[in-house]
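**Q** Mind looking over this structure? Questions follow.
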Amino acid sequence: MYKNNTLRNVLQSKRFNLYSGALLASLFSIFAYAHFLKFLDTRELSLLLIIISEALTTAFFLLRSDPKTVSEIPSDWVVAIIGSFTPLFFRPAIDGVLPQAEILIVLGTMLQIAGLISLNRSFAIVAAKREIKTKWMYCFVRHPLYASYFLIFGGYVLVNTTMINLILYTITMSFLCLRIFREEKHLSLDPEYQNYMVNVRYRLIPYIF
């Protein structure tokens, strides 16, 4: 039974990698094009940073290592897909309620780069166990990449304020929080991750959450 489950996980992972990789690349191309056109008009640094941010996410997703285990719970897949792909529907706006929030995008992108370097090829979308990371940014919080997304996308909506972007942000953050709990439920089946959770108590913000 264990071997059958392992084989099924591998097949599911490879099939998902193929389809999701193609979809992610297509959506990112449309996303990047729209933001680059806006950058040519406005020369706003935040637009380039958002492109870089999503390009890094796409690249690490395509280059990630094969998982040891993958969640077979359908709702985990739904949560992961919605939470991952929704930000690619953000679009630049004429103005925003707080243009100075561009600094949040800068800080978020810096945090994202540090988190991606710390995570390396253990990047995942669906709850899965690869190599468990406990060093660098993962010494401070258990989900530094998700923390960076809160800053990046929050700053983006403040700089590019539309009702559609606000709705997309709400969906993204809601599903991001769900992803955290789903992923930790799957990973905590491993005693090593249970020990990590004891040593690093906070998920996103030290001393708060």
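Chains: A, B, ... in order of the structure tokens. Residues: from 1 per chain. Ligands: from 1, in order shown.
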Between range 81-147 of chain A and range 65-76 of chain A, at 6 Å or less, what are the per-residue closest atom pairs and their distances in Å? Count only C-alpha atoms, order by chain and rising residue number, and return it as CSV.
**A**
residue,atom,partner,partner_atom,distance
A:Arg121,CA,A:Ser65,CA,5.3
A:Ala127,CA,A:Ser71,CA,5.6
A:Ala128,CA,A:Val70,CA,4.2
A:Lys129,CA,A:Thr69,CA,5.2
A:Arg130,CA,A:Pro67,CA,4.7
**Q** Generate a file of the selected residues that holds C-alpha atoms, formatted as a tab-separated table (two decimals), in the first residue's frame.
**A**
chain	number	residue	atom	x	y	z
A	121	ARG	CA	14.54	24.18	-4.43
A	127	ALA	CA	1.23	21.00	0.63
A	128	ALA	CA	4.24	18.71	0.22
A	129	LYS	CA	7.35	17.63	2.07
A	130	ARG	CA	10.70	18.24	0.47
**Q** Mind the document's chain letters and residue numbers, and return as a compact mmCIF listing (two decimals) with C-alpha atoms, in the first residue's frame the residues of range 17-198 of chain A that DSSP labels alpha helix (DSSP H).
**A**
# COMPACT_ATOMS: atom_id res chain seq x y z
CA ASN A 17 4.23 20.21 -12.49
CA LEU A 18 3.60 20.03 -16.22
CA TYR A 19 0.13 21.59 -16.27
CA SER A 20 0.64 24.14 -13.52
CA GLY A 21 4.01 25.17 -14.94
CA ALA A 22 2.48 25.89 -18.34
CA LEU A 23 -0.43 27.80 -16.78
CA LEU A 24 1.82 29.78 -14.46
CA ALA A 25 4.17 30.73 -17.30
CA SER A 26 1.23 31.86 -19.46
CA LEU A 27 -0.38 33.95 -16.72
CA PHE A 28 2.94 35.46 -15.72
CA SER A 29 3.62 36.52 -19.34
CA ILE A 30 0.30 38.39 -19.46
CA PHE A 31 0.89 39.84 -15.99
CA ALA A 32 4.43 40.99 -16.81
CA TYR A 33 3.41 42.53 -20.12
CA ALA A 34 0.64 44.63 -18.55
CA HIS A 35 2.92 45.90 -15.80
CA PHE A 36 5.84 46.59 -18.11
CA LEU A 37 3.63 48.72 -20.38
CA LYS A 38 2.53 50.70 -17.34
CA PHE A 39 6.16 51.08 -16.25
CA LEU A 40 7.08 52.57 -19.63
CA ASP A 41 4.46 55.27 -19.02
CA THR A 42 5.10 56.02 -15.35
CA LEU A 45 9.87 51.35 -9.44
CA SER A 46 7.12 49.35 -7.76
CA LEU A 47 5.92 48.00 -11.11
CA LEU A 48 9.33 46.56 -11.93
CA LEU A 49 9.65 45.11 -8.44
CA ILE A 50 6.30 43.37 -8.76
CA ILE A 51 7.44 41.85 -12.07
CA ILE A 52 10.70 40.72 -10.44
CA SER A 53 8.79 39.32 -7.46
CA GLU A 54 6.48 37.19 -9.58
CA ALA A 55 9.33 36.20 -11.94
CA LEU A 56 11.26 34.82 -8.96
CA THR A 57 8.23 32.91 -7.75
CA THR A 58 7.68 31.45 -11.22
CA ALA A 59 11.35 30.50 -11.65
CA PHE A 60 11.66 28.78 -8.28
CA PHE A 61 8.39 26.96 -8.86
CA LEU A 62 9.64 25.57 -12.17
CA PRO A 74 -8.47 17.71 -2.83
CA SER A 75 -9.18 20.83 -0.76
CA ASP A 76 -5.43 21.30 -0.21
CA TRP A 77 -4.96 21.45 -3.98
CA VAL A 78 -7.83 23.91 -4.43
CA VAL A 79 -6.51 26.19 -1.69
CA ALA A 80 -2.97 26.07 -3.10
CA ILE A 81 -3.98 26.78 -6.70
CA ILE A 82 -6.29 29.69 -5.86
CA GLY A 83 -3.80 31.20 -3.43
CA SER A 84 -0.92 30.90 -5.89
CA PHE A 85 -2.50 32.05 -9.12
CA GLU A 102 5.71 51.59 -2.60
CA ILE A 103 8.21 51.15 0.24
CA LEU A 104 6.24 48.07 1.36
CA ILE A 105 6.80 46.51 -2.07
CA VAL A 106 10.53 47.24 -1.83
CA LEU A 107 10.80 45.73 1.66
CA GLY A 108 8.59 42.80 0.71
CA THR A 109 10.65 42.01 -2.38
CA MET A 110 13.86 42.08 -0.33
CA LEU A 111 12.28 39.72 2.19
CA GLN A 112 11.04 37.49 -0.63
CA ILE A 113 14.50 37.22 -2.18
CA ALA A 114 16.00 36.30 1.20
CA GLY A 115 13.22 33.76 1.76
CA LEU A 116 13.64 32.18 -1.68
CA ILE A 117 17.40 31.87 -1.20
CA SER A 118 16.76 30.25 2.20
CA LEU A 119 14.15 27.89 0.75
CA PRO A 144 8.97 34.04 5.55
CA LEU A 145 7.83 33.88 1.91
CA TYR A 146 4.20 34.30 2.90
CA ALA A 147 5.20 37.20 5.13
CA SER A 148 6.81 38.84 2.09
CA TYR A 149 3.60 38.39 0.09
CA PHE A 150 1.61 40.26 2.73
CA LEU A 151 3.96 43.23 2.32
CA ILE A 152 4.26 43.08 -1.47
CA PHE A 153 0.59 42.65 -2.29
CA GLY A 154 -0.56 44.98 0.46
CA GLY A 155 1.72 47.71 -0.88
CA TYR A 156 0.60 46.97 -4.42
CA VAL A 157 -3.08 47.49 -3.62
CA LEU A 158 -2.34 50.74 -1.77
CA VAL A 159 -0.37 52.02 -4.78
CA MET A 163 -12.06 47.44 -6.35
CA ILE A 164 -10.89 44.46 -8.42
CA ASN A 165 -7.39 44.59 -6.92
CA LEU A 166 -8.85 44.88 -3.43
CA ILE A 167 -11.04 41.81 -4.01
CA LEU A 168 -8.08 39.88 -5.43
CA TYR A 169 -5.97 40.88 -2.43
CA THR A 170 -8.64 39.69 0.00
CA ILE A 171 -8.92 36.35 -1.81
CA THR A 172 -5.14 35.94 -1.98
CA MET A 173 -4.55 36.67 1.70
CA SER A 174 -7.46 34.51 2.83
CA PHE A 175 -6.22 31.52 0.89
CA LEU A 176 -2.63 32.24 1.92
CA CYS A 177 -3.66 31.86 5.56
CA LEU A 178 -5.48 28.64 4.70
CA ARG A 179 -2.34 27.39 2.91
CA ILE A 180 -0.29 27.97 6.04
CA PHE A 181 -2.52 25.74 8.17
CA ARG A 182 -2.90 23.11 5.43
CA GLU A 183 0.83 22.92 4.85
CA GLU A 184 1.65 22.72 8.53
CA LYS A 185 -0.90 19.96 9.03
CA HIS A 186 0.80 17.93 6.28
CA LEU A 187 4.37 18.73 7.35
CA PRO A 191 8.69 14.54 13.75
CA GLU A 192 11.45 16.80 12.41
CA TYR A 193 8.90 19.47 11.50
CA GLN A 194 7.12 19.04 14.83
CA ASN A 195 10.40 19.83 16.55
CA TYR A 196 10.91 22.82 14.24
CA MET A 197 7.48 24.20 15.19
CA VAL A 198 8.46 24.03 18.85
**Q** Name the closest residue to Val97 in chain A among the candidates A:Ser188, A:Thr162, A:Lys133, A:Phe123; distances are taken between atoms, counting only C-alpha atoms.
**A** A:Thr162
**Q** Under the rule that only C-alpha atoms are counted, which of A:Ile125, A:Val200, A:Leu63, A:Ile208 is the nearest residue to Phe140 in chain A?
**A** A:Val200
**Q** In Å, how far is it from CA of Tyr207 in chain A to CA of Ile132 in chain A?
**A**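 The value is 22.4 Å.
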**Q** Record the distance separating CA of Ile94 in chain A and CA of Asn160 in chain A, expressed in Å with one decimal.
**A** 7.0 Å
**Q** Mind pulling up the distance from CA of Asn199 in chain A to CA of Tyr138 in chain A?
**A**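 One can read the CA of Tyr138 in chain A to CA of Asn199 in chain A distance as 10.6 Å.
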**Q** Taking the chain letters and numbering used in this document, name the residues of range 6-207 of chain A that DSSP puts in strand (DSSP E), as a list in words.
**A**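 Written out, the strand (DSSP E) residues of range 6-207 of chain A are Thr69, Val70, Ala128 and Lys129 of chain A.
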